[in-house]
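S.K.: Okay, so here is my_file09.csv, and as you'll see once you scroll down, it has CSV, C-alpha atoms and all ligand atoms.
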```csv
chain,number,residue,atom,x,y,z
A,1,MET,CA,24.2,-30.5,-24.0
A,2,ALA,CA,22.8,-27.7,-21.9
A,3,THR,CA,19.2,-28.2,-20.9
A,4,PHE,CA,18.7,-24.6,-19.8
A,5,GLN,CA,18.8,-21.4,-21.8
A,6,VAL,CA,19.8,-18.2,-20.1
A,7,GLU,CA,19.2,-14.8,-21.7
A,8,THR,CA,19.8,-11.3,-20.3
A,9,GLU,CA,16.9,-8.8,-20.6
A,10,GLN,CA,16.3,-5.2,-19.6
A,11,HIS,CA,13.0,-4.4,-18.1
A,12,GLY,CA,12.7,-0.6,-17.6
A,13,GLU,CA,15.7,0.2,-15.4
A,14,LEU,CA,16.3,-3.4,-14.2
A,15,ASN,CA,18.8,-6.0,-15.4
A,16,CYS,CA,17.0,-9.4,-15.6
A,17,TRP,CA,17.7,-13.0,-16.6
A,18,ARG,CA,15.1,-15.1,-18.4
A,19,ILE,CA,15.8,-18.8,-17.8
A,20,THR,CA,14.0,-21.5,-19.9
A,21,SER,CA,14.1,-25.2,-19.5
A,22,HIS,CA,12.0,-28.1,-20.9
A,23,HIS,CA,9.7,-27.7,-17.9
A,24,ALA,CA,9.5,-24.1,-17.0
A,25,GLU,CA,10.4,-20.4,-17.5
A,26,LEU,CA,11.8,-18.1,-14.8
A,27,LEU,CA,12.4,-14.4,-14.9
A,28,ILE,CA,14.8,-12.9,-12.3
A,29,ALA,CA,15.8,-9.3,-11.6
A,30,GLN,CA,19.3,-8.4,-10.3
A,31,GLN,CA,17.6,-5.8,-8.0
A,32,GLY,CA,16.5,-7.6,-4.9
A,33,ALA,CA,17.5,-11.0,-6.5
A,34,GLN,CA,13.8,-10.9,-7.2
A,35,VAL,CA,12.1,-13.7,-9.0
A,36,LEU,CA,9.6,-11.9,-11.1
A,37,SER,CA,7.7,-14.7,-12.7
A,38,TYR,CA,7.6,-18.5,-12.8
A,39,GLN,CA,5.6,-20.6,-15.2
A,40,ARG,CA,5.6,-24.3,-15.8
A,41,LEU,CA,5.1,-24.9,-19.5
A,42,GLY,CA,1.5,-25.8,-20.4
A,43,GLU,CA,0.2,-24.3,-17.2
A,44,PRO,CA,-0.9,-20.8,-16.1
A,45,PRO,CA,1.8,-18.9,-14.2
A,46,LEU,CA,2.5,-20.1,-10.7
A,47,LEU,CA,4.0,-16.8,-9.6
A,48,TRP,CA,2.2,-13.6,-10.5
A,49,LEU,CA,3.7,-10.6,-12.3
A,50,SER,CA,1.5,-7.5,-12.1
A,51,ASP,CA,0.3,-6.2,-15.5
A,52,GLN,CA,1.2,-2.7,-14.3
A,53,ALA,CA,4.5,-3.6,-12.7
A,54,ILE,CA,7.0,-0.7,-12.5
A,55,PHE,CA,10.6,-1.7,-13.2
A,56,ARG,CA,12.5,1.1,-11.5
A,57,GLN,CA,15.7,1.2,-9.4
A,58,GLY,CA,14.9,1.6,-5.7
A,59,LYS,CA,11.4,0.3,-6.0
A,60,SER,CA,10.5,-3.4,-5.5
A,61,VAL,CA,8.5,-4.9,-8.4
A,62,ARG,CA,4.9,-6.0,-7.6
A,63,ALA,CA,5.6,-9.5,-8.6
A,64,GLY,CA,7.1,-12.9,-7.9
A,65,VAL,CA,9.1,-13.1,-4.7
A,66,PRO,CA,10.4,-9.9,-3.1
A,67,VAL,CA,12.9,-10.7,-0.4
A,68,CYS,CA,12.0,-8.9,2.8
A,69,TRP,CA,15.1,-8.6,5.0
A,70,PRO,CA,16.4,-7.7,7.7
A,71,TRP,CA,12.9,-6.8,8.8
A,72,PHE,CA,9.4,-7.5,7.5
A,73,GLY,CA,6.7,-4.9,7.0
A,74,ASN,CA,6.7,-1.7,9.1
A,75,LEU,CA,9.8,-1.8,11.3
A,76,GLN,CA,7.8,-0.1,14.2
A,77,ARG,CA,5.6,-3.2,14.3
A,78,ASN,CA,8.5,-5.5,14.8
A,79,PRO,CA,9.8,-6.7,18.2
A,80,GLN,CA,12.1,-4.3,19.9
A,81,ALA,CA,15.2,-6.5,19.3
A,82,VAL,CA,14.6,-6.2,15.5
A,83,GLN,CA,14.0,-2.4,15.7
A,84,ALA,CA,17.2,-1.9,17.8
A,85,MET,CA,19.3,-3.3,14.9
A,86,TYR,CA,18.5,-0.3,12.7
A,87,HIS,CA,20.3,3.0,13.3
A,88,GLY,CA,19.1,4.9,10.2
A,89,GLU,CA,16.4,7.5,9.7
A,90,GLN,CA,13.2,6.5,8.0
A,91,ALA,CA,13.0,2.7,7.8
A,92,PRO,CA,11.7,1.5,4.4
A,93,ALA,CA,8.9,-1.0,4.4
A,94,HIS,CA,10.0,-4.7,4.2
A,95,GLY,CA,13.7,-3.9,4.9
A,96,LEU,CA,16.7,-3.0,2.8
A,97,ALA,CA,17.4,-6.0,0.6
A,98,ARG,CA,14.6,-5.9,-1.9
A,99,THR,CA,15.8,-2.7,-3.5
A,100,ARG,CA,19.5,-3.3,-3.6
A,101,ASP,CA,21.4,-4.8,-6.5
A,102,TRP,CA,22.5,-8.3,-5.6
A,103,GLN,CA,25.5,-10.1,-7.1
A,104,LEU,CA,25.0,-13.2,-9.2
A,105,LEU,CA,27.5,-15.7,-7.8
A,106,VAL,CA,26.8,-18.9,-9.5
A,107,ILE,CA,24.6,-20.2,-12.3
A,108,GLU,CA,25.2,-23.9,-13.0
A,109,GLU,CA,23.5,-27.1,-14.0
A,110,ALA,CA,23.2,-29.7,-11.2
A,111,PRO,CA,21.7,-33.2,-11.3
A,112,GLU,CA,18.4,-31.9,-9.9
A,113,GLY,CA,18.2,-28.9,-12.2
A,114,LEU,CA,19.6,-25.4,-12.4
A,115,ARG,CA,21.2,-23.6,-9.4
A,116,ILE,CA,21.3,-19.8,-9.3
A,117,GLU,CA,22.9,-18.2,-6.4
A,118,PHE,CA,23.0,-14.5,-5.4
A,119,GLY,CA,24.7,-12.7,-2.6
A,120,LEU,CA,24.3,-9.3,-1.1
A,121,PRO,CA,27.8,-8.2,-0.1
A,122,GLU,CA,26.5,-4.9,1.4
A,123,ALA,CA,24.9,-7.0,4.2
A,124,GLN,CA,28.4,-7.6,5.5
A,125,GLY,CA,28.4,-4.1,7.2
A,126,ASP,CA,27.6,-1.7,4.4
A,127,LEU,CA,23.8,-1.4,4.4
A,128,PRO,CA,22.7,2.1,5.2
A,129,GLY,CA,21.7,2.3,8.9
A,130,TRP,CA,22.3,-1.4,9.5
A,131,PRO,CA,25.9,-1.9,10.7
A,132,HIS,CA,26.0,-5.6,11.2
A,133,GLU,CA,28.0,-8.3,9.3
A,134,VAL,CA,25.8,-10.9,7.8
A,135,GLU,CA,26.6,-13.1,4.8
A,136,LEU,CA,23.3,-13.1,3.0
A,137,LYS,CA,22.7,-15.5,0.1
A,138,LEU,CA,19.7,-16.5,-2.0
A,139,LEU,CA,19.8,-19.9,-3.7
A,140,ILE,CA,17.2,-20.5,-6.4
A,141,GLU,CA,16.9,-24.1,-7.7
A,142,MET,CA,14.8,-24.8,-10.7
A,143,GLY,CA,14.1,-28.4,-11.6
A,144,THR,CA,10.7,-30.0,-11.8
A,145,GLN,CA,9.9,-27.7,-8.8
A,146,LEU,CA,11.0,-24.2,-7.7
A,147,LYS,CA,13.0,-24.0,-4.5
A,148,MET,CA,14.3,-20.8,-2.9
A,149,THR,CA,16.6,-20.6,0.2
A,150,LEU,CA,17.5,-17.4,1.9
A,151,SER,CA,20.5,-17.9,4.3
A,152,SER,CA,21.9,-15.5,6.8
A,153,LEU,CA,25.3,-16.2,8.5
A,154,ASN,CA,26.3,-13.9,11.3
A,155,GLN,CA,29.9,-13.0,10.7
A,156,GLY,CA,30.1,-10.3,13.4
A,157,ASN,CA,30.9,-10.4,17.1
A,158,ASP,CA,27.5,-9.6,18.4
A,159,SER,CA,24.1,-11.3,18.1
A,160,VAL,CA,21.8,-10.1,15.3
A,161,THR,CA,18.0,-10.3,15.4
A,162,LEU,CA,16.0,-10.1,12.2
A,163,SER,CA,12.6,-10.7,10.8
A,164,GLN,CA,12.2,-11.7,7.1
A,165,ALA,CA,10.0,-13.1,4.5
A,166,LEU,CA,10.0,-14.6,1.0
A,167,HIS,CA,7.0,-12.5,-0.1
A,168,SER,CA,5.5,-14.8,-2.7
A,169,TYR,CA,2.8,-13.5,-5.0
A,170,PHE,CA,0.9,-16.6,-6.3
A,171,ALA,CA,-1.2,-16.4,-9.5
A,172,VAL,CA,-4.8,-17.6,-9.2
A,173,SER,CA,-7.7,-17.7,-11.7
A,174,ASP,CA,-9.9,-15.7,-9.3
A,175,VAL,CA,-9.0,-15.2,-5.6
A,176,ARG,CA,-12.8,-15.2,-4.8
A,177,GLN,CA,-12.9,-18.9,-5.8
A,178,ALA,CA,-9.6,-19.9,-4.3
A,179,ARG,CA,-8.9,-21.2,-0.7
A,180,VAL,CA,-5.8,-21.8,1.4
A,181,GLU,CA,-5.6,-25.1,3.2
A,182,GLY,CA,-3.4,-25.9,6.2
A,183,VAL,CA,-4.5,-23.0,8.4
A,184,ASP,CA,-7.4,-24.6,10.2
A,185,ASN,CA,-7.2,-24.0,14.0
A,186,LEU,CA,-4.1,-21.7,13.7
A,187,GLY,CA,-3.9,-18.4,15.7
A,188,TYR,CA,-3.4,-15.4,13.6
A,189,ILE,CA,-2.9,-11.6,14.0
A,190,GLU,CA,-5.6,-9.7,12.2
A,191,THR,CA,-3.6,-6.6,11.2
A,192,LEU,CA,-6.7,-5.0,9.8
A,193,ALA,CA,-8.4,-5.0,13.2
A,194,ASP,CA,-5.8,-3.4,15.5
A,195,TRP,CA,-3.6,-6.5,15.3
A,196,GLU,CA,-6.0,-8.6,17.4
A,197,LEU,CA,-5.1,-12.2,18.0
A,198,ARG,CA,-7.8,-14.5,16.5
A,199,GLN,CA,-8.3,-18.1,15.6
A,200,GLN,CA,-8.9,-19.6,12.1
A,201,HIS,CA,-11.7,-22.1,11.6
A,202,GLY,CA,-11.4,-24.2,8.5
A,203,ALA,CA,-9.7,-23.2,5.2
A,204,LEU,CA,-9.2,-19.6,4.4
A,205,GLY,CA,-11.4,-18.1,1.6
A,206,PHE,CA,-11.3,-14.6,0.4
A,207,ALA,CA,-14.2,-12.1,0.5
A,208,GLY,CA,-12.5,-8.8,1.3
A,209,GLU,CA,-9.1,-7.2,2.1
A,210,THR,CA,-6.9,-9.8,3.9
A,211,ASP,CA,-3.7,-9.1,5.7
A,212,ARG,CA,-2.9,-11.7,8.4
A,213,ILE,CA,0.0,-13.1,10.2
A,214,TYR,CA,-0.5,-16.8,10.8
A,215,LEU,CA,1.3,-18.3,13.8
A,216,GLN,CA,2.8,-21.8,14.5
A,217,THR,CA,2.2,-22.6,10.8
A,218,PRO,CA,2.7,-26.2,9.5
A,219,ASP,CA,5.4,-27.0,6.9
A,220,VAL,CA,2.8,-27.3,4.1
A,221,LEU,CA,0.2,-24.8,3.0
A,222,LYS,CA,-1.9,-25.4,-0.2
A,223,ILE,CA,-3.8,-23.1,-2.5
A,224,VAL,CA,-6.8,-24.8,-4.1
A,225,ASP,CA,-7.9,-23.1,-7.4
A,226,PRO,CA,-10.9,-25.0,-8.7
A,227,HIS,CA,-11.3,-22.9,-11.9
A,228,TRP,CA,-7.7,-23.6,-13.0
A,229,ASN,CA,-8.1,-27.2,-11.7
A,230,ARG,CA,-4.9,-26.8,-9.7
A,231,ARG,CA,-3.5,-27.3,-6.3
A,232,ILE,CA,-0.3,-25.4,-5.4
A,233,THR,CA,1.7,-26.8,-2.6
A,234,LEU,CA,4.0,-24.5,-0.7
A,235,HIS,CA,6.5,-26.5,1.5
A,236,SER,CA,8.5,-24.3,3.9
A,237,THR,CA,11.4,-24.9,6.2
A,238,GLY,CA,13.0,-22.6,8.8
A,239,SER,CA,9.6,-20.8,9.3
A,240,ARG,CA,6.8,-21.0,11.8
A,241,SER,CA,4.9,-17.9,10.6
A,242,ALA,CA,3.2,-17.0,7.3
A,243,VAL,CA,1.6,-13.7,6.1
A,244,ILE,CA,-1.4,-14.0,3.8
A,245,TRP,CA,-2.3,-10.9,1.9
A,246,ASN,CA,-4.8,-9.7,-0.7
A,247,PRO,CA,-5.4,-6.0,-1.1
A,248,TRP,CA,-8.9,-6.3,-2.6
A,249,THR,CA,-10.7,-3.4,-4.3
A,250,ASP,CA,-9.8,-0.2,-2.5
A,251,ARG,CA,-6.2,-0.9,-1.6
A,252,ALA,CA,-5.6,-2.2,-5.2
A,253,ARG,CA,-6.9,1.2,-6.5
A,254,GLU,CA,-4.3,2.9,-4.3
A,255,LEU,CA,-1.4,0.9,-5.7
A,256,ALA,CA,0.1,2.5,-8.8
A,257,ASP,CA,1.7,-0.8,-9.9
A,258,MET,CA,-1.5,-2.9,-9.7
A,259,ALA,CA,-4.5,-2.8,-12.1
A,260,ASP,CA,-7.7,-1.9,-10.4
A,261,ASP,CA,-8.9,-5.5,-10.8
A,262,GLY,CA,-5.4,-7.0,-10.4
A,263,TRP,CA,-6.2,-8.2,-6.9
A,264,GLN,CA,-8.5,-10.9,-8.4
A,265,ARG,CA,-5.6,-12.7,-10.0
A,266,MET,CA,-3.1,-12.9,-7.1
A,267,LEU,CA,-2.7,-13.9,-3.5
A,268,CYS,CA,0.3,-13.7,-1.3
A,269,ILE,CA,1.4,-16.4,1.1
A,270,GLU,CA,4.7,-15.2,2.5
A,271,THR,CA,7.0,-17.7,4.1
A,272,ALA,CA,8.2,-15.7,7.1
A,273,ASN,CA,10.0,-15.3,10.4
A,274,VAL,CA,7.8,-12.6,12.0
A,275,TRP,CA,6.1,-11.7,15.3
A,276,ASP,CA,7.2,-14.3,17.9
A,277,ASP,CA,9.1,-16.2,15.2
A,278,VAL,CA,11.9,-13.7,14.6
A,279,VAL,CA,15.5,-15.1,14.2
A,280,THR,CA,18.4,-14.3,16.6
A,281,LEU,CA,21.7,-15.3,15.2
A,282,LYS,CA,24.6,-15.7,17.7
A,283,PRO,CA,28.1,-14.9,16.2
A,284,GLY,CA,28.9,-17.7,13.7
A,285,ALA,CA,25.3,-18.9,13.5
A,286,ARG,CA,23.3,-19.4,10.3
A,287,HIS,CA,19.6,-19.5,9.6
A,288,SER,CA,18.0,-20.8,6.4
A,289,LEU,CA,14.5,-19.9,5.3
A,290,SER,CA,13.3,-21.9,2.4
A,291,PHE,CA,10.2,-22.9,0.3
A,292,THR,CA,9.5,-25.3,-2.5
A,293,ILE,CA,6.6,-24.7,-4.8
A,294,SER,CA,4.9,-27.5,-6.7
A,295,SER,CA,1.5,-27.9,-8.4
A,296,GLU,CA,-0.8,-30.7,-9.4
A,297,ALA,CA,-4.2,-31.1,-11.0
A,298,LEU,CA,-7.2,-31.4,-8.6
A,301,LIG,O1,2.6,-8.8,3.2
A,301,LIG,C1,1.6,-7.9,3.6
A,301,LIG,C2,2.1,-6.5,3.4
A,301,LIG,O2,2.9,-6.2,4.4
A,301,LIG,C3,0.8,-5.7,3.3
A,301,LIG,O3,0.5,-5.0,4.4
A,301,LIG,C4,1.1,-4.9,2.0
A,301,LIG,O4,1.5,-3.6,2.3
A,301,LIG,C5,2.1,-5.7,1.3
A,301,LIG,O5,2.8,-6.4,2.2
A,301,LIG,C6,2.9,-5.1,0.2
A,301,LIG,O6,3.8,-4.2,0.6
A,301,LIG,P1,4.6,-3.2,-0.4
A,301,LIG,O7,5.5,-2.4,0.5
A,301,LIG,O8,5.3,-4.2,-1.3
A,301,LIG,O9,3.6,-2.4,-1.1
```
As a first step, turn the structure in this file into C-alpha cells.
Ligand code: TA6

M.R.:
Amino acid sequence: MATFQVETEQHGELNCWRITSHHAELLIAQQGAQVLSYQRLGEPPLLWLSDQAIFRQGKSVRAGVPVCWPWFGNLQRNPQAVQAMYHGEQAPAHGLARTRDWQLLVIEEAPEGLRIEFGLPEAQGDLPGWPHEVELKLLIEMGTQLKMTLSSLNQGNDSVTLSQALHSYFAVSDVRQARVEGVDNLGYIETLADWELRQQHGALGFAGETDRIYLQTPDVLKIVDPHWNRRITLHSTGSRSAVIWNPWTDRARELADMADDGWQRMLCIETANVWDDVVTLKPGARHSLSFTISSEAL
C-alpha cells in the first residue's frame, strides 16, 4: 500500500505537487523545481513560505529552497571564470534555473522514503546566454529527513565553471531569539560592509540585517530556536561555503513578497559553492551539492 499521497495543485500561475506521508508534508513547484514548504507533522514548518509569496511565472517564490544556478547572486560579484560563461545581456540575480520550468523525471517510493527527481533539459545547451552542455538534476528525498541533491554533469567538450546554492529559507519562531552554531572562528565576507573579510567569534545571533558568505564551512551547521524548543541540523556535502541572510526591517519593507514583519520568522542558510569555492567541471566531470535537514527537541 502506498505510504505517500501525491496531489497536483495550482498556486497562482505555478503547477505544484503536494506530497504527504505519515511523517511530513512537502509542497514543490515545477518552476525552478522549487521546494516551497516542508513541515514534519506535529511540528512548526521547517522551511518557510512567505505569507505574501507571489506565484508567478518568471519570478522565484520567496519560500523553501530556490535553486541558484549556474551562478549565485549578482553575476558581477562572481569570479571572472563564472562571469565568462554567460554571453547574454542582463544577468538575472541567482542565475537562470530558478525561474525555468523543470521536468519531473521520477516520483517513486524507495526503502528510505520517496524519491522525486527533476531535470532541466534546457541546461544542455538551450539556456538563454549560457551555451554550455550540462545535465542538471535535482533529487529530493523525503523520508524521516529531507535530502536534496543538485548534480551537474558536464557533457560538453570544454570546462564549465559555476557558482550555485540551495537557497534554503528556514522557519524560526523569532530570528532575534535564534542562533546559528558551527560558524565559530570561520572567516566570512561581510557583503554589507564593502565585502570585507572578517572573522566570526562564537555562534551567530541576529540583531540587524545580515548577508554574509561564510568560508571553509564545516559539514554541519545548526539553528537553535529556544522558543520552539527545536534544533535544526543542516548537513551539507559538496560545499565549503554558506550564505546566511536575513533582510531585517528596511529590506523586508522593500520586498513585495514579504510581509513587513516577515523577516522575524525566517532565516536563510544557503548551502553553496561561492567565492573561492566555485566549481570547475572538466568535460565528463560531475559535481553534487547536497543537504539533509533534520530536527530535534532541545
Ligand atoms: O542570499 C542572499 C541574497 O543574495 C541576498 O543578498 C538577498 O538579495 C537574497 O539573496 C534574496 O535574493 P532574491 O533575488 O531572491 O530577492

S.K.: Kindly indicate which residue among A:Pro44, A:Pro92, A:Pro79, A:Gly125 lies nearest to ligand LIG 301 (chain A), using only C-alpha atoms and all ligand atoms for the distances.

M.R.: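 The shortest atom-to-atom distance to ligand LIG 301 (chain A) comes from A:Pro92.
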
S.K.: Which chains and residue numbers are within 8 Å of ligand LIG 301 (chain A), counting only C-alpha atoms and all ligand atoms, if I want them as a list in words?

M.R.: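 What falls inside 8 Å of ligand LIG 301 (chain A) is Ser60, Val61, Arg62, Pro66, Phe72, Gly73, Asn74, Ala93, His94, His167, Asp211, Arg212, Val243, Ile244, Trp245, Asn246, Pro247, Leu255, Cys268, Ile269 and Glu270 of chain A.
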
S.K.: Let's have the selection written as an mmCIF file, keeping the file's coordinate frame, with C-alpha atoms.

M.R.:
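Saved file result26.cif follows:
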```
data_model
loop_
_atom_site.group_PDB
_atom_site.id
_atom_site.type_symbol
_atom_site.label_atom_id
_atom_site.label_comp_id
_atom_site.auth_asym_id
_atom_site.auth_seq_id
_atom_site.Cartn_x
_atom_site.Cartn_y
_atom_site.Cartn_z
ATOM 1 C CA SER A 60 10.500 -3.400 -5.500
ATOM 2 C CA VAL A 61 8.500 -4.900 -8.400
ATOM 3 C CA ARG A 62 4.900 -6.000 -7.600
ATOM 4 C CA PRO A 66 10.400 -9.900 -3.100
ATOM 5 C CA PHE A 72 9.400 -7.500 7.500
ATOM 6 C CA GLY A 73 6.700 -4.900 7.000
ATOM 7 C CA ASN A 74 6.700 -1.700 9.100
ATOM 8 C CA ALA A 93 8.900 -1.000 4.400
ATOM 9 C CA HIS A 94 10.000 -4.700 4.200
ATOM 10 C CA HIS A 167 7.000 -12.500 -0.100
ATOM 11 C CA ASP A 211 -3.700 -9.100 5.700
ATOM 12 C CA ARG A 212 -2.900 -11.700 8.400
ATOM 13 C CA VAL A 243 1.600 -13.700 6.100
ATOM 14 C CA ILE A 244 -1.400 -14.000 3.800
ATOM 15 C CA TRP A 245 -2.300 -10.900 1.900
ATOM 16 C CA ASN A 246 -4.800 -9.700 -0.700
ATOM 17 C CA PRO A 247 -5.400 -6.000 -1.100
ATOM 18 C CA LEU A 255 -1.400 0.900 -5.700
ATOM 19 C CA CYS A 268 0.300 -13.700 -1.300
ATOM 20 C CA ILE A 269 1.400 -16.400 1.100
ATOM 21 C CA GLU A 270 4.700 -15.200 2.500
#
```

S.K.: Using only C-alpha atoms, determine which residues lie at most 8 Å from region 205-209 of chain A, disregarding the query and same-chain residues fewer than 2 positions distant; provide the list as a list in words.

M.R.: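 So, after excluding close chain neighbours, the residues are Val175, Arg176, Gln177, Ala178, Arg179, Val180, Ala203, Asp211, Trp245, Asn246, Pro247, Trp248, Thr249 and Arg251 of chain A.
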
S.K.: Return the single residue from A:Ala285, A:Ala84, A:Ile116, A:Glu89 that is closest to Arg18 (chain A), with distances computed using all atoms listed in the file.

M.R.: A:Ile116

S.K.: Within 10 Å of Asp158 (chain A), counting all atoms listed in the file, which residues qualify if same-chain residues fewer than 4 places away don't, as a VMD selection string?

M.R.: chain A and resid 132 to 133 154 281 to 284

S.K.: Taking 4 positions as the minimum chain separation for residues in the same chain, which residues sit within 6 Å of region 24-41 of chain A when counting all atoms listed in the file? Answer as a PDB file with C-alpha atoms, in the coordinates of the input.

M.R.:
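out_39.pdb was written with the following content:
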```pdb
ATOM      1  CA  ASN A  15      18.800  -6.000 -15.400  1.00  0.00           C
ATOM      2  CA  CYS A  16      17.000  -9.400 -15.600  1.00  0.00           C
ATOM      3  CA  TRP A  17      17.700 -13.000 -16.600  1.00  0.00           C
ATOM      4  CA  ARG A  18      15.100 -15.100 -18.400  1.00  0.00           C
ATOM      5  CA  ILE A  19      15.800 -18.800 -17.800  1.00  0.00           C
ATOM      6  CA  THR A  20      14.000 -21.500 -19.900  1.00  0.00           C
ATOM      7  CA  PRO A  45       1.800 -18.900 -14.200  1.00  0.00           C
ATOM      8  CA  LEU A  46       2.500 -20.100 -10.700  1.00  0.00           C
ATOM      9  CA  LEU A  47       4.000 -16.800  -9.600  1.00  0.00           C
ATOM     10  CA  LEU A  49       3.700 -10.600 -12.300  1.00  0.00           C
ATOM     11  CA  ALA A  63       5.600  -9.500  -8.600  1.00  0.00           C
ATOM     12  CA  GLY A  64       7.100 -12.900  -7.900  1.00  0.00           C
ATOM     13  CA  VAL A  65       9.100 -13.100  -4.700  1.00  0.00           C
ATOM     14  CA  PRO A  66      10.400  -9.900  -3.100  1.00  0.00           C
ATOM     15  CA  ALA A  97      17.400  -6.000   0.600  1.00  0.00           C
ATOM     16  CA  ARG A  98      14.600  -5.900  -1.900  1.00  0.00           C
ATOM     17  CA  THR A  99      15.800  -2.700  -3.500  1.00  0.00           C
ATOM     18  CA  ARG A 100      19.500  -3.300  -3.600  1.00  0.00           C
ATOM     19  CA  ASP A 101      21.400  -4.800  -6.500  1.00  0.00           C
ATOM     20  CA  TRP A 102      22.500  -8.300  -5.600  1.00  0.00           C
TER      21      TRP A 102
END
```

S.K.: Which residues, protein or nucleic acid, reach to within 8 Å of (-6.5, -26.1, -2.3) in the file's coordinates when using all atoms listed in the file, and can you give that as a list of chain:residue names?

M.R.: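 Residues found, by chain and rising number: A:Ala178, A:Arg179, A:Val180, A:Glu181, A:Lys222, A:Ile223, A:Val224, A:Asp225, A:Pro226, A:Arg230, A:Arg231, A:Ile232.
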
S.K.: Each residue of region 138-166 of chain A lying at most 10 Å from region 275-279 of chain A should get a row with its shortest atom-to-atom pair and the distance in Å to one decimal, counting all atoms listed in the file; could you produce that, ordered by chain and increasing number, as a tab-separated table?

M.R.:
```
residue	atom	partner	partner_atom	distance
A:Ser152	CA	A:Val279	CA	9.8
A:Val160	CA	A:Val279	CA	8.1
A:Thr161	CA	A:Val279	CA	5.5
A:Leu162	CA	A:Val279	CA	5.4
A:Ser163	CA	A:Val278	CA	4.9
A:Gln164	CA	A:Val278	CA	7.8
```

S.K.: Just how far from CA of Thr271 (chain A) is CA of Asp219 (chain A), in Å to one decimal?

M.R.: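 Computed distance, CA of Asp219 (chain A) to CA of Thr271 (chain A), equals 9.8 Å.
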
S.K.: Counting all atoms listed in the file, figure out which residue out of A:Pro218, A:Gly182, A:Gly95, A:Pro70 gets nearest to Val134 (chain A).

M.R.: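 So, comparing all the options, the nearest one is A:Pro70.
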
S.K.: How many Å lie between CA of Glu117 (chain A) and CA of His287 (chain A), rounded to one decimal?

M.R.: 16.4 Å

S.K.: Show which residues sit within 8 Å of Ala252 (chain A), as a list in words. Count all atoms listed in the file, and ignore same-chain residues fewer than 4 positions away.

M.R.: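 Listing them by chain and then by number gives Pro247, Trp248, Met258, Ala259, Asp260, Asp261, Gly262 and Trp263 of chain A.
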
S.K.: For Asn273 (chain A), which of A:Tyr188, A:Tyr86, A:Trp228, A:Trp71 is the closest residue, counting all atoms listed in the file?

M.R.: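 Among the listed residues, the smallest separation from Asn273 (chain A) belongs to A:Trp71.
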
S.K.: Which residues are close to Ser21 (chain A), i.e. within 10 Å by all atoms listed in the file, leaving aside same-chain residues fewer than 5 positions away? Reply as a tab-separated table (two decimals) with C-alpha atoms, in the coordinates of the input.

M.R.:
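Result file is part-v3.tsv:
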```
chain	number	residue	atom	x	y	z
A	2	ALA	CA	22.80	-27.70	-21.90
A	3	THR	CA	19.20	-28.20	-20.90
A	4	PHE	CA	18.70	-24.60	-19.80
A	5	GLN	CA	18.80	-21.40	-21.80
A	6	VAL	CA	19.80	-18.20	-20.10
A	26	LEU	CA	11.80	-18.10	-14.80
A	40	ARG	CA	5.60	-24.30	-15.80
A	41	LEU	CA	5.10	-24.90	-19.50
A	113	GLY	CA	18.20	-28.90	-12.20
A	114	LEU	CA	19.60	-25.40	-12.40
A	142	MET	CA	14.80	-24.80	-10.70
A	143	GLY	CA	14.10	-28.40	-11.60
A	144	THR	CA	10.70	-30.00	-11.80
```

S.K.: Tell me which of A:Gln90, A:Ser290, A:Thr191, A:Gln199 sits closest to Arg77 (chain A), counting all atoms listed in the file.

M.R.: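 Residue with the minimum atom-to-atom distance to Arg77 (chain A): A:Thr191.
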
S.K.: May I ask which of the residues A:Ile189, A:Thr237, A:Gly129, A:Leu146 is the closest one to Gln83 (chain A), counting only C-alpha atoms?

M.R.: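 For Gln83 (chain A), the nearest of the candidates is A:Gly129.
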
S.K.: Any idea what the distance is between CA of Leu221 (chain A) and CA of Val183 (chain A)?

M.R.: 7.4 Å

S.K.: Could you check which residues have any atom within 12 Å of (11.0, -0.7, -20.1), counting only C-alpha atoms with coordinates taken straight from the file, and then list them as a list in words?

M.R.: Glu9, Gln10, His11, Gly12, Glu13, Leu14, Asn15, Cys16, Gln52, Ala53, Ile54, Phe55, Arg56 and Gln57 of chain A

S.K.: With C-alpha atoms retained, could you export that selection as a tab-separated table (two decimals), in the frame of the given file?

M.R.:
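File written: result-v9.tsv
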```tsv
chain	number	residue	atom	x	y	z
A	9	GLU	CA	16.90	-8.80	-20.60
A	10	GLN	CA	16.30	-5.20	-19.60
A	11	HIS	CA	13.00	-4.40	-18.10
A	12	GLY	CA	12.70	-0.60	-17.60
A	13	GLU	CA	15.70	0.20	-15.40
A	14	LEU	CA	16.30	-3.40	-14.20
A	15	ASN	CA	18.80	-6.00	-15.40
A	16	CYS	CA	17.00	-9.40	-15.60
A	52	GLN	CA	1.20	-2.70	-14.30
A	53	ALA	CA	4.50	-3.60	-12.70
A	54	ILE	CA	7.00	-0.70	-12.50
A	55	PHE	CA	10.60	-1.70	-13.20
A	56	ARG	CA	12.50	1.10	-11.50
A	57	GLN	CA	15.70	1.20	-9.40
```
